[in-house]
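One file, input.pdb, is given below (PDB, C-alpha atoms).
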```pdb
ATOM      1  CA  MET N   1    -133.271  44.242  63.799  1.00  0.00           C
ATOM      2  CA  THR N   2    -132.390  47.857  63.122  1.00  0.00           C
ATOM      3  CA  GLU N   3    -133.436  50.811  65.205  1.00  0.00           C
ATOM      4  CA  GLN N   4    -135.866  51.922  62.510  1.00  0.00           C
ATOM      5  CA  ASP N   5    -137.352  48.398  62.411  1.00  0.00           C
ATOM      6  CA  ARG N   6    -138.108  48.764  66.124  1.00  0.00           C
ATOM      7  CA  GLY N   7    -140.106  51.912  65.376  1.00  0.00           C
ATOM      8  CA  HIS N   8    -137.497  54.433  66.502  1.00  0.00           C
ATOM      9  CA  GLY N   9    -136.535  57.307  64.244  1.00  0.00           C
ATOM     10  CA  PRO N  10    -138.266  58.494  61.095  1.00  0.00           C
ATOM     11  CA  ARG N  11    -139.343  55.923  58.515  1.00  0.00           C
ATOM     12  CA  ARG N  12    -137.615  56.513  55.207  1.00  0.00           C
ATOM     13  CA  VAL N  13    -139.677  57.192  52.099  1.00  0.00           C
ATOM     14  CA  THR N  14    -138.302  54.393  49.966  1.00  0.00           C
ATOM     15  CA  ARG N  15    -140.037  55.086  46.656  1.00  0.00           C
ATOM     16  CA  ALA N  16    -141.494  58.050  44.818  1.00  0.00           C
ATOM     17  CA  ARG N  17    -144.534  59.317  46.741  1.00  0.00           C
ATOM     18  CA  LEU N  18    -146.757  62.348  46.706  1.00  0.00           C
ATOM     19  CA  TYR N  19    -145.973  65.058  49.232  1.00  0.00           C
ATOM     20  CA  GLU N  20    -149.008  63.941  51.262  1.00  0.00           C
ATOM     21  CA  GLN N  21    -147.168  60.773  52.301  1.00  0.00           C
ATOM     22  CA  LEU N  22    -144.071  62.757  53.194  1.00  0.00           C
ATOM     23  CA  MET N  23    -146.178  65.131  55.275  1.00  0.00           C
ATOM     24  CA  GLU N  24    -147.460  62.132  57.221  1.00  0.00           C
ATOM     25  CA  ARG N  25    -143.895  60.910  57.773  1.00  0.00           C
ATOM     26  CA  ILE N  26    -142.955  64.326  59.142  1.00  0.00           C
ATOM     27  CA  LEU N  27    -145.881  64.188  61.574  1.00  0.00           C
ATOM     28  CA  GLU N  28    -144.719  60.748  62.718  1.00  0.00           C
ATOM     29  CA  PHE N  29    -141.230  62.134  63.259  1.00  0.00           C
ATOM     30  CA  ILE N  30    -142.649  65.037  65.307  1.00  0.00           C
ATOM     31  CA  ASP N  31    -144.555  62.558  67.515  1.00  0.00           C
ATOM     32  CA  GLU N  32    -141.592  60.210  67.895  1.00  0.00           C
ATOM     33  CA  GLU N  33    -139.296  63.057  68.898  1.00  0.00           C
ATOM     34  CA  GLY N  34    -141.877  64.510  71.271  1.00  0.00           C
ATOM     35  CA  LEU N  35    -141.671  67.942  69.689  1.00  0.00           C
ATOM     36  CA  ALA N  36    -143.980  70.580  71.144  1.00  0.00           C
ATOM     37  CA  PRO N  37    -145.227  73.901  69.735  1.00  0.00           C
ATOM     38  CA  GLY N  38    -142.312  76.300  69.635  1.00  0.00           C
ATOM     39  CA  ASP N  39    -139.730  73.565  69.038  1.00  0.00           C
ATOM     40  CA  ARG N  40    -137.587  73.756  65.929  1.00  0.00           C
ATOM     41  CA  LEU N  41    -137.464  70.974  63.370  1.00  0.00           C
ATOM     42  CA  PRO N  42    -134.119  69.742  62.033  1.00  0.00           C
ATOM     43  CA  SER N  43    -132.721  71.473  58.978  1.00  0.00           C
ATOM     44  CA  GLU N  44    -134.042  70.634  55.505  1.00  0.00           C
ATOM     45  CA  ARG N  45    -130.757  68.925  54.731  1.00  0.00           C
ATOM     46  CA  ASP N  46    -130.995  66.673  57.793  1.00  0.00           C
ATOM     47  CA  LEU N  47    -134.665  65.834  57.268  1.00  0.00           C
ATOM     48  CA  ALA N  48    -134.131  65.034  53.594  1.00  0.00           C
ATOM     49  CA  GLU N  49    -131.311  62.674  54.499  1.00  0.00           C
ATOM     50  CA  GLN N  50    -133.326  60.967  57.238  1.00  0.00           C
ATOM     51  CA  PHE N  51    -136.331  60.416  54.969  1.00  0.00           C
ATOM     52  CA  GLY N  52    -134.272  59.488  51.932  1.00  0.00           C
ATOM     53  CA  VAL N  53    -135.772  62.169  49.665  1.00  0.00           C
ATOM     54  CA  SER N  54    -134.420  65.148  47.770  1.00  0.00           C
ATOM     55  CA  ARG N  55    -134.420  68.552  49.415  1.00  0.00           C
ATOM     56  CA  ALA N  56    -136.784  69.771  46.671  1.00  0.00           C
ATOM     57  CA  THR N  57    -139.337  67.091  47.569  1.00  0.00           C
ATOM     58  CA  LEU N  58    -138.971  67.815  51.260  1.00  0.00           C
ATOM     59  CA  ALA N  59    -139.351  71.561  50.668  1.00  0.00           C
ATOM     60  CA  GLN N  60    -142.651  70.927  48.898  1.00  0.00           C
ATOM     61  CA  ALA N  61    -143.993  69.028  51.909  1.00  0.00           C
ATOM     62  CA  LEU N  62    -142.768  71.698  54.323  1.00  0.00           C
ATOM     63  CA  VAL N  63    -144.443  74.442  52.293  1.00  0.00           C
ATOM     64  CA  ALA N  64    -147.736  72.526  52.431  1.00  0.00           C
ATOM     65  CA  LEU N  65    -147.372  72.164  56.214  1.00  0.00           C
ATOM     66  CA  GLU N  66    -146.695  75.894  56.492  1.00  0.00           C
ATOM     67  CA  VAL N  67    -149.729  76.732  54.364  1.00  0.00           C
ATOM     68  CA  LEU N  68    -151.877  74.659  56.743  1.00  0.00           C
ATOM     69  CA  GLY N  69    -150.399  76.435  59.771  1.00  0.00           C
ATOM     70  CA  VAL N  70    -148.632  73.383  61.207  1.00  0.00           C
ATOM     71  CA  ILE N  71    -145.182  74.980  61.036  1.00  0.00           C
ATOM     72  CA  ASP N  72    -143.830  78.486  60.717  1.00  0.00           C
ATOM     73  CA  VAL N  73    -140.774  78.795  58.494  1.00  0.00           C
ATOM     74  CA  ARG N  74    -138.558  81.681  59.559  1.00  0.00           C
ATOM     75  CA  HIS N  75    -135.558  82.853  57.608  1.00  0.00           C
ATOM     76  CA  GLY N  76    -132.411  82.165  59.584  1.00  0.00           C
ATOM     77  CA  THR N  77    -134.026  79.872  62.150  1.00  0.00           C
ATOM     78  CA  GLY N  78    -135.766  77.203  60.052  1.00  0.00           C
ATOM     79  CA  ALA N  79    -139.123  75.520  60.611  1.00  0.00           C
ATOM     80  CA  VAL N  80    -140.799  75.930  64.001  1.00  0.00           C
ATOM     81  CA  LEU N  81    -143.700  73.725  65.075  1.00  0.00           C
ATOM     82  CA  VAL N  82    -146.951  75.638  65.648  1.00  0.00           C
ATOM     83  CA  TYR N  83    -149.291  72.755  66.504  1.00  0.00           C
ATOM     84  CA  ARG N  84    -149.493  68.970  66.188  1.00  0.00           C
ATOM     85  CA  PRO N  85    -152.484  67.714  64.157  1.00  0.00           C
ATOM     86  CA  ASN N  86    -153.105  64.040  63.562  1.00  0.00           C
ATOM     87  CA  ALA N  87    -152.704  62.651  60.057  1.00  0.00           C
ATOM     88  CA  THR N  88    -156.450  62.389  59.416  1.00  0.00           C
ATOM     89  CA  THR N  89    -157.031  66.020  60.327  1.00  0.00           C
ATOM     90  CA  LEU N  90    -154.040  67.126  58.268  1.00  0.00           C
ATOM     91  CA  LEU N  91    -155.163  65.344  55.103  1.00  0.00           C
ATOM     92  CA  ARG N  92    -158.703  66.666  55.481  1.00  0.00           C
ATOM     93  CA  GLN N  93    -157.352  70.211  55.782  1.00  0.00           C
ATOM     94  CA  LEU N  94    -155.118  69.622  52.771  1.00  0.00           C
ATOM     95  CA  ASN N  95    -158.019  68.413  50.642  1.00  0.00           C
ATOM     96  CA  ASP N  96    -160.194  71.333  51.744  1.00  0.00           C
ATOM     97  CA  HIS N  97    -157.435  73.777  50.836  1.00  0.00           C
ATOM     98  CA  ARG N  98    -156.836  72.116  47.474  1.00  0.00           C
ATOM     99  CA  SER N  99    -160.534  72.210  46.550  1.00  0.00           C
ATOM    100  CA  LEU N 100    -160.713  75.961  47.215  1.00  0.00           C
ATOM    101  CA  LEU N 101    -157.632  76.927  45.225  1.00  0.00           C
ATOM    102  CA  PRO N 102    -159.304  77.294  41.806  1.00  0.00           C
ATOM    103  CA  GLU N 103    -161.915  79.605  43.313  1.00  0.00           C
ATOM    104  CA  ILE N 104    -159.251  81.675  45.036  1.00  0.00           C
ATOM    105  CA  VAL N 105    -157.477  82.126  41.709  1.00  0.00           C
ATOM    106  CA  GLU N 106    -160.761  83.182  40.081  1.00  0.00           C
ATOM    107  CA  ALA N 107    -161.398  85.693  42.846  1.00  0.00           C
ATOM    108  CA  ARG N 108    -157.916  87.159  42.571  1.00  0.00           C
ATOM    109  CA  SER N 109    -158.244  87.485  38.804  1.00  0.00           C
ATOM    110  CA  THR N 110    -161.549  89.308  39.258  1.00  0.00           C
ATOM    111  CA  VAL N 111    -160.681  91.596  42.154  1.00  0.00           C
ATOM    112  CA  GLU N 112    -156.951  92.270  41.942  1.00  0.00           C
ATOM    113  CA  VAL N 113    -156.891  92.890  38.200  1.00  0.00           C
ATOM    114  CA  LYS N 114    -159.587  95.533  38.672  1.00  0.00           C
ATOM    115  CA  LEU N 115    -157.702  97.011  41.619  1.00  0.00           C
ATOM    116  CA  ALA N 116    -154.587  97.413  39.463  1.00  0.00           C
ATOM    117  CA  ALA N 117    -156.564  99.198  36.747  1.00  0.00           C
ATOM    118  CA  LEU N 118    -158.203 101.531  39.263  1.00  0.00           C
ATOM    119  CA  ALA N 119    -154.852 102.212  40.913  1.00  0.00           C
ATOM    120  CA  ALA N 120    -153.478 103.378  37.553  1.00  0.00           C
ATOM    121  CA  GLU N 121    -156.357 105.841  37.280  1.00  0.00           C
ATOM    122  CA  ARG N 122    -156.554 107.050  40.888  1.00  0.00           C
ATOM    123  CA  ARG N 123    -153.103 106.741  42.471  1.00  0.00           C
ATOM    124  CA  THR N 124    -151.549 109.666  44.269  1.00  0.00           C
ATOM    125  CA  GLU N 125    -147.862 110.411  44.739  1.00  0.00           C
ATOM    126  CA  GLN N 126    -148.189 108.996  48.248  1.00  0.00           C
ATOM    127  CA  ASP N 127    -149.653 105.803  46.821  1.00  0.00           C
ATOM    128  CA  LEU N 128    -146.756 105.475  44.374  1.00  0.00           C
ATOM    129  CA  ALA N 129    -144.279 105.944  47.202  1.00  0.00           C
ATOM    130  CA  ALA N 130    -145.972 103.154  49.184  1.00  0.00           C
ATOM    131  CA  ILE N 131    -145.862 100.815  46.166  1.00  0.00           C
ATOM    132  CA  ASP N 132    -142.169 101.555  45.588  1.00  0.00           C
ATOM    133  CA  ALA N 133    -141.401 101.041  49.278  1.00  0.00           C
ATOM    134  CA  ALA N 134    -143.104  97.628  49.197  1.00  0.00           C
ATOM    135  CA  ILE N 135    -141.006  96.601  46.209  1.00  0.00           C
ATOM    136  CA  GLU N 136    -137.841  97.636  48.031  1.00  0.00           C
ATOM    137  CA  VAL N 137    -138.879  95.666  51.117  1.00  0.00           C
ATOM    138  CA  MET N 138    -139.428  92.536  49.054  1.00  0.00           C
ATOM    139  CA  ALA N 139    -136.130  93.018  47.206  1.00  0.00           C
ATOM    140  CA  GLY N 140    -134.321  93.328  50.537  1.00  0.00           C
ATOM    141  CA  GLU N 141    -135.946  90.199  51.935  1.00  0.00           C
ATOM    142  CA  ILE N 142    -134.903  88.206  48.863  1.00  0.00           C
ATOM    143  CA  GLU N 143    -131.352  89.572  48.960  1.00  0.00           C
ATOM    144  CA  GLN N 144    -131.082  88.350  52.554  1.00  0.00           C
ATOM    145  CA  GLY N 145    -132.128  84.839  51.521  1.00  0.00           C
ATOM    146  CA  GLY N 146    -135.811  85.097  52.376  1.00  0.00           C
ATOM    147  CA  ARG N 147    -138.839  84.489  50.191  1.00  0.00           C
ATOM    148  CA  GLY N 148    -140.170  88.035  50.239  1.00  0.00           C
ATOM    149  CA  VAL N 149    -143.506  87.138  51.833  1.00  0.00           C
ATOM    150  CA  GLY N 150    -143.733  90.337  53.870  1.00  0.00           C
ATOM    151  CA  GLY N 151    -142.870  92.582  50.943  1.00  0.00           C
ATOM    152  CA  ASP N 152    -145.280  90.715  48.683  1.00  0.00           C
ATOM    153  CA  GLU N 153    -148.147  91.215  51.115  1.00  0.00           C
ATOM    154  CA  ARG N 154    -147.218  94.867  51.535  1.00  0.00           C
ATOM    155  CA  PHE N 155    -147.156  95.389  47.738  1.00  0.00           C
ATOM    156  CA  HIS N 156    -150.624  93.994  47.156  1.00  0.00           C
ATOM    157  CA  GLY N 157    -151.903  96.006  50.103  1.00  0.00           C
ATOM    158  CA  ALA N 158    -150.450  99.173  48.557  1.00  0.00           C
ATOM    159  CA  ILE N 159    -152.193  98.407  45.263  1.00  0.00           C
ATOM    160  CA  THR N 160    -155.490  97.989  47.104  1.00  0.00           C
ATOM    161  CA  GLN N 161    -154.975 101.309  48.860  1.00  0.00           C
ATOM    162  CA  ALA N 162    -154.063 103.083  45.620  1.00  0.00           C
ATOM    163  CA  ALA N 163    -157.316 101.942  43.982  1.00  0.00           C
ATOM    164  CA  HIS N 164    -159.349 103.973  46.517  1.00  0.00           C
ATOM    165  CA  SER N 165    -162.306 101.601  46.397  1.00  0.00           C
ATOM    166  CA  GLY N 166    -163.804 100.833  49.784  1.00  0.00           C
ATOM    167  CA  VAL N 167    -165.929  97.922  48.574  1.00  0.00           C
ATOM    168  CA  LEU N 168    -163.070  96.206  46.744  1.00  0.00           C
ATOM    169  CA  ALA N 169    -160.851  96.751  49.794  1.00  0.00           C
ATOM    170  CA  GLN N 170    -163.432  94.940  51.925  1.00  0.00           C
ATOM    171  CA  MET N 171    -163.459  92.081  49.444  1.00  0.00           C
ATOM    172  CA  MET N 172    -159.676  91.840  49.726  1.00  0.00           C
ATOM    173  CA  ASP N 173    -159.977  91.760  53.510  1.00  0.00           C
ATOM    174  CA  PHE N 174    -162.381  88.831  53.154  1.00  0.00           C
ATOM    175  CA  LEU N 175    -159.947  86.998  50.869  1.00  0.00           C
ATOM    176  CA  SER N 176    -156.784  87.942  52.751  1.00  0.00           C
ATOM    177  CA  GLU N 177    -156.244  84.727  54.728  1.00  0.00           C
ATOM    178  CA  ARG N 178    -156.764  82.509  51.698  1.00  0.00           C
ATOM    179  CA  ILE N 179    -154.497  84.705  49.604  1.00  0.00           C
ATOM    180  CA  ARG N 180    -151.862  84.510  52.334  1.00  0.00           C
ATOM    181  CA  GLU N 181    -151.935  80.713  52.069  1.00  0.00           C
ATOM    182  CA  THR N 182    -151.424  80.818  48.301  1.00  0.00           C
ATOM    183  CA  ARG N 183    -148.708  83.459  48.744  1.00  0.00           C
ATOM    184  CA  ILE N 184    -146.722  81.209  51.053  1.00  0.00           C
ATOM    185  CA  GLU N 185    -147.072  78.255  48.702  1.00  0.00           C
ATOM    186  CA  SER N 186    -146.176  80.236  45.579  1.00  0.00           C
ATOM    187  CA  LEU N 187    -143.131  81.964  47.076  1.00  0.00           C
ATOM    188  CA  GLY N 188    -141.933  78.588  48.343  1.00  0.00           C
ATOM    189  CA  GLN N 189    -141.351  77.436  44.760  1.00  0.00           C
ATOM    190  CA  PRO N 190    -137.728  77.608  43.554  1.00  0.00           C
ATOM    191  CA  GLY N 191    -136.984  80.903  41.810  1.00  0.00           C
ATOM    192  CA  ARG N 192    -140.511  82.214  42.336  1.00  0.00           C
ATOM    193  CA  PRO N 193    -139.633  85.162  44.651  1.00  0.00           C
ATOM    194  CA  GLU N 194    -137.435  86.765  41.996  1.00  0.00           C
ATOM    195  CA  VAL N 195    -140.079  86.217  39.302  1.00  0.00           C
ATOM    196  CA  SER N 196    -142.763  87.782  41.502  1.00  0.00           C
ATOM    197  CA  LEU N 197    -140.551  90.749  42.272  1.00  0.00           C
ATOM    198  CA  GLU N 198    -140.092  91.504  38.573  1.00  0.00           C
ATOM    199  CA  ALA N 199    -143.842  91.140  38.052  1.00  0.00           C
ATOM    200  CA  HIS N 200    -144.450  93.677  40.809  1.00  0.00           C
ATOM    201  CA  ARG N 201    -142.151  96.123  39.070  1.00  0.00           C
ATOM    202  CA  ALA N 202    -144.105  95.677  35.820  1.00  0.00           C
ATOM    203  CA  ILE N 203    -147.416  96.280  37.601  1.00  0.00           C
ATOM    204  CA  ALA N 204    -145.993  99.343  39.329  1.00  0.00           C
ATOM    205  CA  GLU N 205    -144.789 100.732  36.011  1.00  0.00           C
ATOM    206  CA  GLY N 206    -148.258 100.475  34.520  1.00  0.00           C
ATOM    207  CA  ILE N 207    -149.716 102.243  37.541  1.00  0.00           C
ATOM    208  CA  ARG N 208    -147.026 104.939  37.460  1.00  0.00           C
ATOM    209  CA  ARG N 209    -147.731 105.590  33.766  1.00  0.00           C
ATOM    210  CA  GLY N 210    -151.427 105.921  34.501  1.00  0.00           C
ATOM    211  CA  ASP N 211    -152.229 103.134  32.051  1.00  0.00           C
ATOM    212  CA  PRO N 212    -155.059 100.947  33.451  1.00  0.00           C
ATOM    213  CA  ASP N 213    -154.818  98.372  30.642  1.00  0.00           C
ATOM    214  CA  GLU N 214    -151.076  97.908  31.129  1.00  0.00           C
ATOM    215  CA  ALA N 215    -151.462  97.606  34.903  1.00  0.00           C
ATOM    216  CA  ALA N 216    -154.374  95.169  34.628  1.00  0.00           C
ATOM    217  CA  GLN N 217    -152.605  92.976  32.090  1.00  0.00           C
ATOM    218  CA  ALA N 218    -149.444  92.903  34.193  1.00  0.00           C
ATOM    219  CA  MET N 219    -151.480  91.893  37.252  1.00  0.00           C
ATOM    220  CA  GLN N 220    -153.248  89.121  35.341  1.00  0.00           C
ATOM    221  CA  ARG N 221    -149.924  87.735  34.097  1.00  0.00           C
ATOM    222  CA  HIS N 222    -148.648  87.849  37.665  1.00  0.00           C
ATOM    223  CA  ILE N 223    -151.647  85.950  39.040  1.00  0.00           C
ATOM    224  CA  ASP N 224    -151.356  83.355  36.274  1.00  0.00           C
ATOM    225  CA  VAL N 225    -147.729  82.695  37.228  1.00  0.00           C
ATOM    226  CA  VAL N 226    -148.111  82.665  41.023  1.00  0.00           C
ATOM    227  CA  SER N 227    -151.110  80.340  40.727  1.00  0.00           C
ATOM    228  CA  ASP N 228    -148.897  77.639  39.210  1.00  0.00           C
ATOM    229  CA  VAL N 229    -148.346  75.617  42.383  1.00  0.00           C
ATOM    230  CA  PRO N 230    -148.349  71.841  43.011  1.00  0.00           C
ATOM    231  CA  LEU N 231    -151.604  71.849  44.996  1.00  0.00           C
ATOM    232  CA  LEU N 232    -153.464  73.627  42.219  1.00  0.00           C
ATOM    233  CA  ARG N 233    -152.049  71.285  39.590  1.00  0.00           C
ATOM    234  CA  ASP N 234    -153.294  68.370  41.712  1.00  0.00           C
ATOM    235  CA  ALA N 235    -156.737  69.988  41.952  1.00  0.00           C
ATOM    236  CA  ALA N 236    -156.866  70.435  38.188  1.00  0.00           C
ATOM    237  CA  GLY N 237    -155.826  66.827  37.668  1.00  0.00           C
TER     238      GLY N 237
END
```
Could you render the structure as structure tokens?
Amino acid sequence: MTEQDRGHGPRRVTRARLYEQLMERILEFIDEEGLAPGDRLPSERDLAEQFGVSRATLAQALVALEVLGVIDVRHGTGAVLVYRPNATTLLRQLNDHRSLLPEIVEARSTVEVKLAALAAERRTEQDLAAIDAAIEVMAGEIEQGGRGVGGDERFHGAITQAAHSGVLAQMMDFLSERIRETRIESLGQPGRPEVSLEAHRAIAEGIRRGDPDEAAQAMQRHIDVVSDVPLLRDAAG
């Protein structure tokens, strides 16, 4: 009898499974290893090898765990455990998050597209400087191997500020946590940070030119792209 047959070590995922099953396997591994909040998980390479899956499949499961607040992925240090839910709780949270995604996309399309148009009409030189600074922050994060999450959040905050609409800003505050979840998931997709960065530059150009239609259209294209994530595709299916 092998060590894994005795229940020691992570069970390998032996056939194609949805990321939900892999998430459960990761939770089992965390329990078996006795990991506590603050402990670091093994590298993606090591986990993928232990579970017998590709790094791309593993990355998808890790992103979902990060979205749900189970782990915190930090550039340069890897995934750090935040808390240890049981599998039932985790899957319930996952389903709740998935069911809300279409509505979050609708809200972003309604609010952020309007914010971009208003920013093109109302922005000041100070607002433009803040937008440009956010783009540079995101570019720097990506150049250093990160996903650009901080710069992305800063960019959308600068757009909100440049619109000078107190009511819409309050609506963004209300949506902020849900948008943060979708931001993490979107920027966790391969190649997505660079695509989002270029979209930000297009939005900024429309705002700089004072063209509300150009800015709004660029924002809508951006939201359409960043909303293409596995959880949303599952919800649509």
For this file, the PyMOL selection byres ((chain N and resi 147-153) around 8) selects which residues, as a list of chain:residue names? N:Ala134, N:Ile135, N:Glu136, N:Val137, N:Met138, N:Ala139, N:Gly140, N:Glu141, N:Ile142, N:Gly145, N:Gly146, N:Arg154, N:Phe155, N:His156, N:Gly157, N:Arg180, N:Arg183, N:Ile184, N:Leu187, N:Gly188, N:Pro193, N:Leu197
Counting all atoms listed in the file, the option among N:Phe174, N:Leu62, N:Arg92, N:Thr160 closest to Ala117 of chain N: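 Of all the options, N:Thr160 lies closest to Ala117 of chain N.
We find atom CA of Ile131 of chain N and atom CA of Val73 of chain N to be spaced 25.7 Å apart.
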Kindly resolve the PyMOL selection byres ((chain N and resi 58-61) around 12) on the present coordinates and return the residues as a PyMOL selection string. chain N and resi 13+16-27+42-57+62-68+70-71+73+78-79+94+184-190+229-231
Within 10 Å of (-143.8, 65.2, 63.2) (file coordinates; only C-alpha atoms), which protein or nucleic acid residues are there? I'd like them as a PyMOL selection string. chain N and resi 10+23-36+41+70+81+83-87
So that I can see what lies close to segment 198-202 of chain N, please list as JSON, numbers by chain the residues with an atom at most 7 Å from it, counting all atoms listed in the file and leaving out residues fewer than 4 positions away in the same chain. {"N": [194, 206, 218, 222]}
So what does the PyMOL selection byres ((chain N and resi 220) around 12) actually pick up in this one, as JSON, numbers by chain? {"N": [105, 106, 107, 108, 109, 110, 111, 112, 113, 114, 115, 116, 117, 199, 200, 202, 203, 213, 214, 215, 216, 217, 218, 219, 221, 222, 223, 224, 225, 226, 227]}
Between N:Gln126, N:Ser196, N:Thr88, N:Gln93, which is the closest to Gln161 of chain N once you count all atoms listed in the file?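 Residue with the minimum atom-to-atom distance to Gln161 of chain N: N:Gln126.
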Could you tell me how far atom CA of Ala163 of chain N lies from atom CA of Arg122 of chain N, in Å and to one decimal?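 Computed distance, atom CA of Ala163 of chain N to atom CA of Arg122 of chain N, equals 6.0 Å.
Close to (-157.5, 77.3, 45.4), meaning no more than 9 Å away when counting only C-alpha atoms, sit the residues His97, Arg98, Ser99, Leu100, Leu101, Pro102, Glu103, Ile104, Val105, Glu106, Arg178, Thr182, Ser227, Leu231, Leu232 and Ala235 of chain N.
As for atom CA of Asp39 of chain N and atom CA of Val80 of chain N, they are spaced 5.7 Å apart.
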Shortest interatomic distance to Ala129 of chain N - which of N:Leu91, N:Leu168, N:Ala162, N:Val195, counting all atoms listed in the file: N:Ala162
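Take the candidates N:His164, N:Pro212, N:Arg40, N:Gly69 and check each one against Leu90 of chain N using all atoms listed in the file; the shortest distance goes to N:Gly69.
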